[in-house]
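One file, coords-v4.tsv, is given below (TSV, C-alpha atoms).
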```
chain	number	residue	atom	x	y	z
A	19	MET	CA	28.70	-125.11	63.61
A	20	LYS	CA	25.85	-122.64	64.26
A	21	THR	CA	25.59	-121.81	60.55
A	22	PHE	CA	25.14	-125.51	59.77
A	23	PHE	CA	22.69	-126.19	62.60
A	24	LEU	CA	20.11	-123.50	61.76
A	25	PRO	CA	19.67	-124.39	58.06
A	26	THR	CA	19.52	-128.09	58.97
A	27	MET	CA	16.76	-127.41	61.51
A	28	ILE	CA	14.81	-125.32	58.99
A	29	VAL	CA	15.03	-128.07	56.36
A	30	ALA	CA	14.02	-130.71	58.91
A	31	PHE	CA	11.04	-128.58	60.00
A	32	LEU	CA	9.92	-128.05	56.41
A	33	MET	CA	10.21	-131.78	55.66
A	34	LEU	CA	8.16	-132.66	58.76
A	35	SER	CA	5.55	-130.04	57.84
A	36	ALA	CA	5.30	-131.37	54.29
A	37	TYR	CA	5.01	-134.94	55.57
A	38	SER	CA	2.32	-133.91	58.07
A	39	ALA	CA	0.34	-132.06	55.39
A	40	GLN	CA	0.65	-135.04	53.03
A	41	ALA	CA	-0.52	-137.44	55.73
A	42	GLN	CA	-3.63	-135.32	56.29
A	43	THR	CA	-4.53	-135.28	52.60
A	44	ASN	CA	-4.31	-139.07	52.35
A	45	LEU	CA	-7.79	-139.37	53.88
A	46	ASN	CA	-10.38	-140.22	51.24
A	47	GLN	CA	-13.15	-137.84	52.27
A	48	THR	CA	-15.79	-139.28	49.92
A	49	GLU	CA	-15.22	-142.84	51.17
A	50	LEU	CA	-15.12	-141.82	54.82
A	51	MET	CA	-18.30	-139.75	54.52
A	52	LYS	CA	-20.15	-142.91	53.41
A	53	GLN	CA	-20.05	-143.99	57.07
A	54	ILE	CA	-22.82	-141.46	57.71
A	55	ILE	CA	-25.23	-142.91	55.14
A	56	GLY	CA	-28.22	-144.59	56.78
A	57	SER	CA	-30.87	-144.01	59.42
A	58	TRP	CA	-29.82	-142.72	62.84
A	59	LYS	CA	-31.44	-141.95	66.16
A	60	GLY	CA	-29.93	-139.72	68.81
A	61	ASP	CA	-31.19	-139.27	72.34
A	62	LEU	CA	-30.98	-135.53	72.98
A	63	GLY	CA	-32.53	-135.43	76.44
A	64	LYS	CA	-35.63	-136.38	78.35
A	65	ASP	CA	-38.35	-137.41	75.87
A	66	THR	CA	-36.39	-135.79	72.99
A	67	SER	CA	-34.83	-137.61	70.04
A	68	ALA	CA	-33.20	-136.72	66.76
A	69	LEU	CA	-34.10	-138.81	63.73
A	70	TRP	CA	-31.67	-138.52	60.84
A	71	GLU	CA	-32.06	-140.16	57.43
A	72	VAL	CA	-28.99	-139.77	55.16
A	73	LYS	CA	-28.85	-140.83	51.49
A	74	SER	CA	-26.01	-140.79	48.99
A	75	VAL	CA	-26.26	-138.51	45.96
A	76	GLY	CA	-23.16	-138.89	43.76
A	77	THR	CA	-20.27	-137.85	46.01
A	78	GLY	CA	-22.68	-135.88	48.20
A	79	LEU	CA	-25.29	-136.46	50.85
A	80	GLU	CA	-28.96	-135.57	51.13
A	81	SER	CA	-30.69	-135.85	54.46
A	82	ASP	CA	-33.73	-135.16	56.59
A	83	TYR	CA	-33.16	-134.35	60.24
A	84	LYS	CA	-36.02	-134.11	62.72
A	85	VAL	CA	-36.15	-133.40	66.42
A	86	VAL	CA	-39.09	-135.02	68.20
A	87	THR	CA	-40.21	-134.33	71.77
A	88	LYS	CA	-42.86	-136.54	73.37
A	89	GLY	CA	-43.77	-137.88	69.92
A	90	LYS	CA	-44.30	-134.42	68.43
A	91	MET	CA	-41.99	-132.92	65.79
A	92	VAL	CA	-40.26	-129.81	67.14
A	93	THR	CA	-38.06	-128.95	64.16
A	94	GLU	CA	-37.23	-130.29	60.74
A	95	THR	CA	-34.10	-129.71	58.66
A	96	LYS	CA	-33.29	-130.53	55.04
A	97	GLN	CA	-29.58	-130.92	54.36
A	98	LEU	CA	-27.63	-131.14	51.10
A	99	TYR	CA	-23.85	-131.67	51.21
A	100	GLY	CA	-21.44	-131.95	48.31
A	101	TYR	CA	-17.74	-132.69	48.06
A	102	ASP	CA	-15.45	-129.84	46.93
A	103	LYS	CA	-12.23	-131.42	45.68
A	104	LYS	CA	-10.39	-128.06	45.59
A	105	ILE	CA	-10.51	-127.78	49.36
A	106	ASP	CA	-10.97	-131.53	50.07
A	107	LYS	CA	-14.03	-130.86	52.24
A	108	TYR	CA	-17.77	-131.21	52.15
A	109	LEU	CA	-19.85	-128.04	51.87
A	110	GLY	CA	-23.48	-128.10	52.81
A	111	ALA	CA	-26.67	-126.16	53.20
A	112	ASN	CA	-29.03	-126.72	56.10
A	113	LEU	CA	-32.57	-125.47	55.67
A	114	VAL	CA	-34.10	-125.39	59.15
A	115	ASN	CA	-37.82	-124.65	59.49
A	116	GLY	CA	-38.28	-121.09	60.70
A	117	MET	CA	-34.61	-120.12	60.31
A	118	ASP	CA	-32.26	-118.70	57.70
A	119	ILE	CA	-30.07	-121.02	55.66
A	120	GLU	CA	-26.96	-122.37	57.39
A	121	ILE	CA	-23.83	-123.11	55.34
A	122	TRP	CA	-21.35	-125.59	56.84
A	123	ALA	CA	-18.07	-127.25	55.94
A	124	GLY	CA	-17.19	-130.75	57.13
A	125	TRP	CA	-14.34	-133.21	56.76
A	126	PHE	CA	-12.74	-136.23	58.36
A	127	THR	CA	-9.59	-135.63	60.38
A	128	ALA	CA	-8.99	-139.38	60.91
A	129	ASN	CA	-10.71	-142.54	59.70
A	130	ASN	CA	-13.25	-142.32	62.51
A	131	LYS	CA	-13.22	-138.60	63.43
A	132	PHE	CA	-14.83	-135.64	61.71
A	133	VAL	CA	-15.47	-131.95	62.23
A	134	PHE	CA	-18.14	-129.54	60.98
A	135	ILE	CA	-17.85	-125.75	61.21
A	136	PRO	CA	-19.76	-122.80	59.76
A	137	TYR	CA	-18.49	-122.08	56.25
A	138	SER	CA	-17.68	-118.51	57.32
A	139	ASP	CA	-14.88	-119.97	59.47
A	140	ILE	CA	-13.30	-122.13	56.73
A	141	ALA	CA	-10.22	-119.87	56.42
A	142	ASN	CA	-9.34	-120.40	60.08
A	143	PRO	CA	-11.08	-123.56	61.39
A	144	GLN	CA	-9.10	-123.59	64.64
A	145	LYS	CA	-10.81	-120.35	65.66
A	146	ALA	CA	-14.36	-121.34	64.68
A	147	SER	CA	-16.79	-120.05	67.30
A	148	ILE	CA	-19.08	-123.05	66.73
A	149	LYS	CA	-17.75	-126.52	66.00
A	150	ILE	CA	-19.14	-130.04	65.92
A	151	GLU	CA	-16.58	-132.78	66.53
A	152	GLY	CA	-17.69	-136.33	65.87
A	153	GLU	CA	-16.21	-139.74	66.43
A	154	PHE	CA	-17.41	-143.13	65.22
A	155	LYS	CA	-17.17	-145.57	68.11
A	156	SER	CA	-18.29	-148.41	65.82
A	157	PRO	CA	-19.96	-148.61	62.39
A	158	ASP	CA	-23.34	-148.22	64.14
A	159	VAL	CA	-22.57	-145.68	66.88
A	160	TYR	CA	-21.03	-142.23	66.80
A	161	LYS	CA	-20.85	-139.26	69.16
A	162	GLU	CA	-21.04	-135.58	68.36
A	163	THR	CA	-19.70	-132.92	70.70
A	164	TYR	CA	-20.97	-129.39	70.21
A	165	ILE	CA	-18.36	-126.76	71.02
A	166	ASN	CA	-19.13	-123.07	71.49
A	167	ASN	CA	-16.21	-120.63	71.82
A	168	GLY	CA	-13.82	-123.49	72.60
A	169	LYS	CA	-16.00	-125.03	75.33
A	170	PRO	CA	-17.90	-128.31	74.92
A	171	ILE	CA	-21.56	-127.66	75.65
A	172	ARG	CA	-23.20	-130.99	74.79
A	173	THR	CA	-22.40	-134.48	73.56
A	174	ASP	CA	-25.01	-136.59	71.77
A	175	THR	CA	-24.78	-140.27	70.85
A	176	TYR	CA	-26.35	-141.50	67.62
A	177	THR	CA	-27.17	-145.14	66.91
A	178	ARG	CA	-27.83	-146.58	63.46
A	179	THR	CA	-31.40	-147.85	63.18
A	180	LYS	CA	-31.04	-149.41	59.71
```
Entire entry expressed as structure tokens:
Amino acid sequence: MKTFFLPTMIVAFLMLSAYSAQAQTNLNQTELMKQIIGSWKGDLGKDTSALWEVKSVGTGLESDYKVVTKGKMVTETKQLYGYDKKIDKYLGANLVNGMDIEIWAGWFTANNKFVFIPYSDIANPQKASIKIEGEFKSPDVYKETYINNGKPIRTDTYTRTK
């Protein structure tokens, strides 16, 4: 009986793993990423807002991100993200004024949930030291939670402005 039970459990585990992996790959990343296209405003704190303009470029995204405090621009970022079908994720470059280039990877984990991590952590995303987890609450509102070393440090809400 034991010799039958162990192989049966192994086969069942492999079938469940294959089904789980297949279910994850059924998400259409390029269609889901279209949810981000548009103009967004996020309240980051007292007198501080983020303004984010995202446009579609083929299967990618081009955007301008600005942080404004008391009506004065504090920082500006140019972003360019493209879909990599080999890994079924978006890869992007962030050019932040006064900083080195940042390379990120992002993908949807469900129809309304996404994650972004530094590209250097792509081989082991569960152990990424920095992570942004987002969730669309509606087509016009989403939240981003910034996680540092496994601990949430801030959650921002973005609202579509057009």
Just want the 9 Å neighbourhood of Gln53 of chain A, counted on only C-alpha atoms, with same-chain residues fewer than 3 positions away dropped. Output as a JSON list (two decimals) with C-alpha atoms, in the frame of the given file.
```
[["chain", "number", "residue", "atom", "x", "y", "z"],
["A", 49, "GLU", "CA", -15.22, -142.84, 51.17],
["A", 50, "LEU", "CA", -15.12, -141.82, 54.82],
["A", 56, "GLY", "CA", -28.22, -144.59, 56.78],
["A", 130, "ASN", "CA", -13.25, -142.32, 62.51],
["A", 154, "PHE", "CA", -17.41, -143.13, 65.22],
["A", 157, "PRO", "CA", -19.96, -148.61, 62.39],
["A", 158, "ASP", "CA", -23.34, -148.22, 64.14]]
```
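Between atom CA of Lys59 of chain A and atom CA of Gln144 of chain A there is a distance of 29.0 Å.
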Quiz item: A:Thr163, A:Asp139, A:Lys104, A:Glu94: which is nearest Gly116 of chain A, counting only C-alpha atoms?
Solution: A:Glu94
Report as JSON lines: every residue of segment 45-85 of chain A with an atom at most 12 Å from segment 165-173 of chain A, its closest pair of atoms, and their distance in Å to one decimal, counting all atoms listed in the file, with rows sorted by chain and ascending residue number.
```
{"residue": "A:Gly60", "atom": "CA", "partner": "A:Thr173", "partner_atom": "CA", "distance": 10.3}
{"residue": "A:Asp61", "atom": "CA", "partner": "A:Thr173", "partner_atom": "CA", "distance": 10.1}
{"residue": "A:Leu62", "atom": "CA", "partner": "A:Thr173", "partner_atom": "CA", "distance": 8.7}
{"residue": "A:Gly63", "atom": "CA", "partner": "A:Arg172", "partner_atom": "CA", "distance": 10.5}
```
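Around Lys90 of chain A, within 12 Å and counting only C-alpha atoms, the residues found are A:Asp65, A:Thr66, A:Ser67, A:Ala68, A:Lys84, A:Val85, A:Val86, A:Thr87, A:Thr93, A:Glu94, once anything fewer than 3 positions away on its own chain is removed.
Atom CA of Ala128 of chain A is positioned 23.3 Å from atom CA of Glu71 of chain A.
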Exercise. Quick one: residues within 9 Å of (-22.1, -130.0, 53.6) (file frame), counting only C-alpha atoms, please, as a PyMOL selection string.
Key: chain A and resi 78-79+97-101+107-112+121-125+134
Exercise. Using only C-alpha atoms, pick whichever of A:Val72, A:Ala141, A:Leu113, A:Ile150 has the shortest atom-to-atom distance to Phe126 of chain A.
Key: A:Ile150
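Across the structure, atom CA of Thr77 of chain A and atom CA of Lys52 of chain A are spaced 9.0 Å apart.
Remark: for Asp82 of chain A, the closest of the candidate residues A:Leu69, A:Ile148, A:Leu45, A:Ile135 is A:Leu69 (distances computed over only C-alpha atoms).
For the residues A:Glu80, A:Glu153, A:Glu120, A:Asp106, ranking by smallest atom-to-atom distance to Pro136 of chain A using only C-alpha atoms places A:Glu120 first.
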Please reconstruct the missing atoms of segment 54-70 of chain A (target: N, CA and C atoms) and return them as a short mmCIF file (atom, residue, chain, number, x, y, z; two decimals), in the coordinates of the input.
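What landed in selection-v2.cif:
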```
data_model
loop_
_atom_site.label_atom_id
_atom_site.label_comp_id
_atom_site.auth_asym_id
_atom_site.auth_seq_id
_atom_site.Cartn_x
_atom_site.Cartn_y
_atom_site.Cartn_z
N ILE A 54 -21.67 -142.18 57.19
CA ILE A 54 -22.82 -141.46 57.71
C ILE A 54 -24.12 -141.91 57.03
N ILE A 55 -24.03 -142.51 55.87
CA ILE A 55 -25.23 -142.91 55.14
C ILE A 55 -26.03 -143.92 55.95
N GLY A 56 -27.34 -143.68 56.06
CA GLY A 56 -28.22 -144.59 56.78
C GLY A 56 -29.23 -143.85 57.62
N SER A 57 -29.88 -144.58 58.50
CA SER A 57 -30.87 -144.01 59.42
C SER A 57 -30.28 -144.02 60.82
N TRP A 58 -30.42 -142.90 61.52
CA TRP A 58 -29.82 -142.72 62.84
C TRP A 58 -30.84 -142.17 63.83
N LYS A 59 -30.64 -142.52 65.09
CA LYS A 59 -31.44 -141.95 66.16
C LYS A 59 -30.50 -141.49 67.26
N GLY A 60 -30.72 -140.26 67.71
CA GLY A 60 -29.93 -139.72 68.81
C GLY A 60 -30.84 -139.32 69.96
N ASP A 61 -30.46 -139.68 71.15
CA ASP A 61 -31.19 -139.27 72.34
C ASP A 61 -30.63 -137.93 72.79
N LEU A 62 -31.45 -136.88 72.70
CA LEU A 62 -30.98 -135.53 72.98
C LEU A 62 -31.32 -135.06 74.39
N GLY A 63 -32.13 -135.81 75.09
CA GLY A 63 -32.53 -135.43 76.44
C GLY A 63 -33.83 -136.12 76.78
N LYS A 64 -34.40 -135.74 77.89
CA LYS A 64 -35.63 -136.38 78.35
C LYS A 64 -36.74 -136.23 77.30
N ASP A 65 -37.24 -137.35 76.84
CA ASP A 65 -38.35 -137.41 75.87
C ASP A 65 -38.03 -136.74 74.52
N THR A 66 -36.76 -136.48 74.23
CA THR A 66 -36.39 -135.79 72.99
C THR A 66 -35.38 -136.62 72.21
N SER A 67 -35.70 -136.83 70.93
CA SER A 67 -34.83 -137.61 70.04
C SER A 67 -34.61 -136.88 68.74
N ALA A 68 -33.48 -137.18 68.12
CA ALA A 68 -33.20 -136.72 66.76
C ALA A 68 -33.31 -137.94 65.84
N LEU A 69 -33.98 -137.76 64.74
CA LEU A 69 -34.10 -138.81 63.73
C LEU A 69 -33.45 -138.27 62.47
N TRP A 70 -32.47 -139.01 61.95
CA TRP A 70 -31.67 -138.52 60.84
C TRP A 70 -31.59 -139.59 59.77
#
```
